[in-house]
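K.L.:
Once you've had a glance at the structure underneath, I'll fire off some questions.
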Amino acid sequence: MKVVSWALAAAAIALGLAQPAAAQFYEGKTVTVLVNYPPGGPTDIEGRIVARHLPKHVPGEPTVIVKNQGGGGGMIGTNYLGEVAKPDGLTVGFFTWNVLAGALGDPGLRVKYTDFGFVAGVANPVVFYIRKDTPPGVNKPADIMKTSGLKALSLDAQNTNTIQQTLALDLLGIKYNAVPGYKGLKGVETAILQGEGQMANSSLPGWRASIQPTMEKRGLVIPLWHLTAAGPDGTIKRSPSVPELQTFEEFYEQVHGKKPSGMKYEGLRMIVDPFTSMFRTAFMPPKSPKESVGIMRAAFTGLWKDEAFLKDYEKAVKNRPNLVVGEEGEKIIAGVVNVKPELAAFMRKYMADVAAGKN
Amino acid sequence: MLEVAFEGLMIALQWPAIGYLLLGIMLGLYFGAVPGLSGLSGMAILLPFTFGMDPVSALAFLLGMYAVTTTSDSITAILIGVPGTAAAQATVLDGYPMAKNGEASRAFGAAFTCSAIGGVLGALVMGLSIPLVQPIVLAFAKPEFFMLGLLGLTMVGSLSGRSILTGLGAAALGLLISMVGYAESVAIPRYWMGTTYLLDGLPLVPFVLGIFALPELVNLAVRERPISDVPREQVSGGLVTGIKDAFRHWWLLLRSAVIGIYIGLLPGLGSTIADWAAYGHAVQSAKDKSRFGKGDVRGVIAPEAANNSVKGGELVPTVAFGIPGSAPMAILLGAFLIQGITPGPEMLTTKLDITFSMVWALVIANVMAGLLLMVWANQLQKIIFIPAHLVVPAIALFMFMGAWTASSNIGDWISLLVFGLIGVFMKQAGWPRPPLILGYILGRIMENSLHLSIRSYGWEWLGRPIVLILGAVIAITVFFAVRSHLRQRREAPGPVTSDADAGDPRLSLLFSGLVLLVFAAAVIAAMQWPPTVRLFPVVIGGAGLALSAGAFLRDVGAVRAMNRMLGVSVLPTGAAAADLRRELTRTANFFGWLSALIVVTVVAGQHIALPLFMGLYLMVWGGYSWRIAALYMAAGLAFMVGMFDHVMHTIWYPSLIFG
């Protein structure tokens, strides 16, 4: 009896101490949100909205500031968080991560995503669209199958934006000409508007905030399909953010009468699953104290229940994005870093072909 | 239409919008005046504050700030030769020499007047042209962009410097430097020397500061004279003269403003290029070109009118189709979306009053900024008469912190020093620096446009009508430049007398030789890359090889001619030799000090290294007392903490001791 009550008392003290300890730890401190793209881009804008609302959700209400370290396709900031930032619980990276570099390796990426303390990720599907005047005319998605002289525009050849587009078109068996190399999704949109090419794909915020109002509503383009992450049971359902659009898999089945399969499809899922389930990711430096990572995870969970934050975030991204935290997110990251060697080899070859215009 | 325009004015003048507009203007003057900060960083810093505002206030706040950064950025460009933002690079070319001639006030008068008028013109054109511009914007696709870039380079390259060979050679070198980092199409890094710092390309700010500003700093430290070569009592022509200059050259002002607006309309070019295009045009269209680069007021008028008018132009595609013309416009677009404003036809119909309130915000901001700065100009211009050693540490602080904001990496400072050395070398050798910078700025845009043109159209793009027209203009530019150079050589044979753009032929020979080697090495290195990656570097390298070989041969001739004139010895003798030797030693010494600044930073961090540099410089180079040095150090440290720790949240170098 005595032992039990002692134990209870000790536990109570421990618990009692743990709470104020967390509060004490962040009280009066400054937490830095490190963004791996320069000021003004979409990653930065979202990072700044997170930073603005984060203090309320961290015990002790620390000051939260944003620092940018852009360059190297986001890799310089990522390296900084991995190699320079101190694991003192006071730095949180808010990144657009590079799935292909993480999976296939890249001379510029010196850290492993699995080494970071994973805090949270923000889900986001990808929408494909096409100009209606693509010869001989596209009025519904299925019309893409009989187009001629289709040019598919995208970001640089090594970007997920390019590879997920060429893989999808190759799988469908459409004749097209890939034109990668545009700077930023806005650059792609401009070129579509100018008629330099006919089809492209964009993140959901880009679709909702820009392409839909300026191009779809004016009758210039129609949406084709969207790519979204598989659920925990491995099945692919329409993303709740775009219930009105069919998935790529639905479209494929409609056209070919069977489910997509093969190396190219595996490659497509290898990119799409991690990238759309965690479009933005929040990390802490390697070896950060477990407690701080836990506090930050709780803070992000709190943020996603905070109406004021959601309203601001929704304004920027034009939909209510889903949050991925904890083990689910850690599993996704581990999946990227530990990709099967034969799939990695296939993808490296495929990407080289796309870059050389030989796919 | 008039009624809506008036309605827009009323909305813009309403409280609290007008209050936010004024606040925006004050902040914008500050962001423009401090090198390293710019309209872009201002937009990024202020955007989160607009979330809670009503749409008109939010836009007035952001536009008020953004409109005037290119008015105040001429302050440092003129006074100390450091452009306040990238848009004032061309202003340095004649603005700083004007300060050296003691005419800082006059340059201010011209610059602020032209900025205000240019900005207002840009705003008015924006208001009038939104409904008309769609065909213009849509007609300029990638092939036309490539040709525009080529035209810009040939214009600036063939007009600056003594020889079309060095002008175009420097442009090719700039293009080559822009190739550093990941290739356009494939993630193969080019010329990156194994450092992550260079993977994403060489940042603009350290490069420009190195090429243009550092040589002037060295000059101040070594020659020990105030910025102005002319004592205060002998200065003629103040602020009013400058204002009159602007009106006297009204036709140039107007044309430059139109150039700015046009560049703004084309997405992806932006204000960094507008000032150069206008400057190039001013030189090309002038009858008497001899004063350019030595303090010609026309060299201030053109870029200053263009870099403000460009902003009205940039707003047109942003508002009308949601196509941002530049990075700051992309942020403004973010603000639109956050405010629930959708760019597009709506802005010309139901929301026309908001569109007009933006026009008025631009007009008010430009006029206010011009007037405010004119009131302060007299105080500001005193800097140029202060003894050199008192201003050198402050300029060094501005310059190093400006470079640091590029990527917060020690590589920023190393690039600053390396390109500073190259800048000093080019200046002495008489190689023109403007085409180098322009080549660097346009390189990536041109390669990207060329690559996409070929991939998208095959070689058919060469037959597009606008491409053909631009091609003809390029051919005409080169033809006239070559003809006038040949004519000049016939009329004025023999070595050129010692003025700003005539360098030492022996140094020029050395530089041509080095550049020749660099191009050769670049072509050899490029051979192992896949075709899409090597296409552009090989073409530039080939052109650069031919141009630098031509310059090399010409320099060999010039050195021989000099030897014949001077007799056997090529080396200066007597007092001149002693002077030269002293200058060289001091230059090397100063670079040693700057290198030490980097070493101390690596060991103990910037909060120690920079103030220490300032204090020691004052005592050792300037011979000032420790009291003045301590005061100076405290002020410098306060600036670093106040500005960069608290406003910018700068990431400092993780030093060995304090890491």
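By convention here, the chains of the structure tokens are called A, B, ... in the order presented, each chain's residues are numbered starting at 1, and ligands are numbered starting at 1 in the order presented.
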Find the spatial neighbours of Gly411 (chain B), counting only C-alpha atoms, within a cut-off of 10 Å - ignore same-chain residues fewer than 4 positions away - and output them as a list in words.
P.N.:
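Near neighbours after the sequence-gap exclusion: Thr195, Thr196, Tyr197, Leu198, Leu202, Pro203, Pro206, Ala403, Trp404, Ala406, Ser407, Ser415, Leu416 and Leu417 of chain B.
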K.L.:
Give me, as JSON, numbers by chain, the residues of region 75-159 of chain A that a backbone DSSP run labels alpha helix (DSSP H).
P.N.:
{"A": [75, 76, 77, 78, 79, 80, 81, 82, 83, 99, 100, 101, 102, 103, 104]}
K.L.:
Export C-alpha atoms of the chosen residues as a PDB file, in the first residue's frame?
P.N.:
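Ended up saving to result26.pdb:
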```
ATOM      1  CA  MET A  75      18.496  21.496 -50.658  1.00  0.00           C
ATOM      2  CA  ILE A  76      20.652  24.231 -49.103  1.00  0.00           C
ATOM      3  CA  GLY A  77      18.070  24.891 -46.378  1.00  0.00           C
ATOM      4  CA  THR A  78      17.604  21.142 -45.898  1.00  0.00           C
ATOM      5  CA  ASN A  79      21.362  20.639 -45.480  1.00  0.00           C
ATOM      6  CA  TYR A  80      21.433  23.563 -43.057  1.00  0.00           C
ATOM      7  CA  LEU A  81      18.786  21.964 -40.835  1.00  0.00           C
ATOM      8  CA  GLY A  82      20.670  18.667 -40.963  1.00  0.00           C
ATOM      9  CA  GLU A  83      24.213  19.916 -40.483  1.00  0.00           C
ATOM     10  CA  VAL A  99      11.041  13.236 -52.953  1.00  0.00           C
ATOM     11  CA  LEU A 100      13.110  12.266 -55.999  1.00  0.00           C
ATOM     12  CA  ALA A 101      16.380  13.486 -54.476  1.00  0.00           C
ATOM     13  CA  GLY A 102      15.510  11.680 -51.249  1.00  0.00           C
ATOM     14  CA  ALA A 103      14.739   8.409 -53.061  1.00  0.00           C
ATOM     15  CA  LEU A 104      17.363   8.360 -55.816  1.00  0.00           C
TER      16      LEU A 104
END
```
K.L.:
For chain A against chain B, which residues fall within 8 Å using only C-alpha atoms, given as a ChimeraX atom specification?
P.N.:
/A:39-41,48-49,65-67,69-73,76,84,108,151,156-158,179-182,186,190-191,193-194,196-197,209-210,213-214,312,315-316,355-356
K.L.:
Measuring between only C-alpha atoms, which one of B:Gly28, B:Met179, B:Asn307, B:Met193 shows the shortest distance to Leu535 (chain B)?
P.N.:
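For Leu535 (chain B), the nearest of the given residues is B:Met179.
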K.L.:
Between B:Leu348, B:Leu612, B:Ala286, B:Ala111, which residue has the minimum interatomic distance to Ala596 (chain B), considering only C-alpha atoms?
P.N.:
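Under the stated criterion, the closest residue is B:Leu612.
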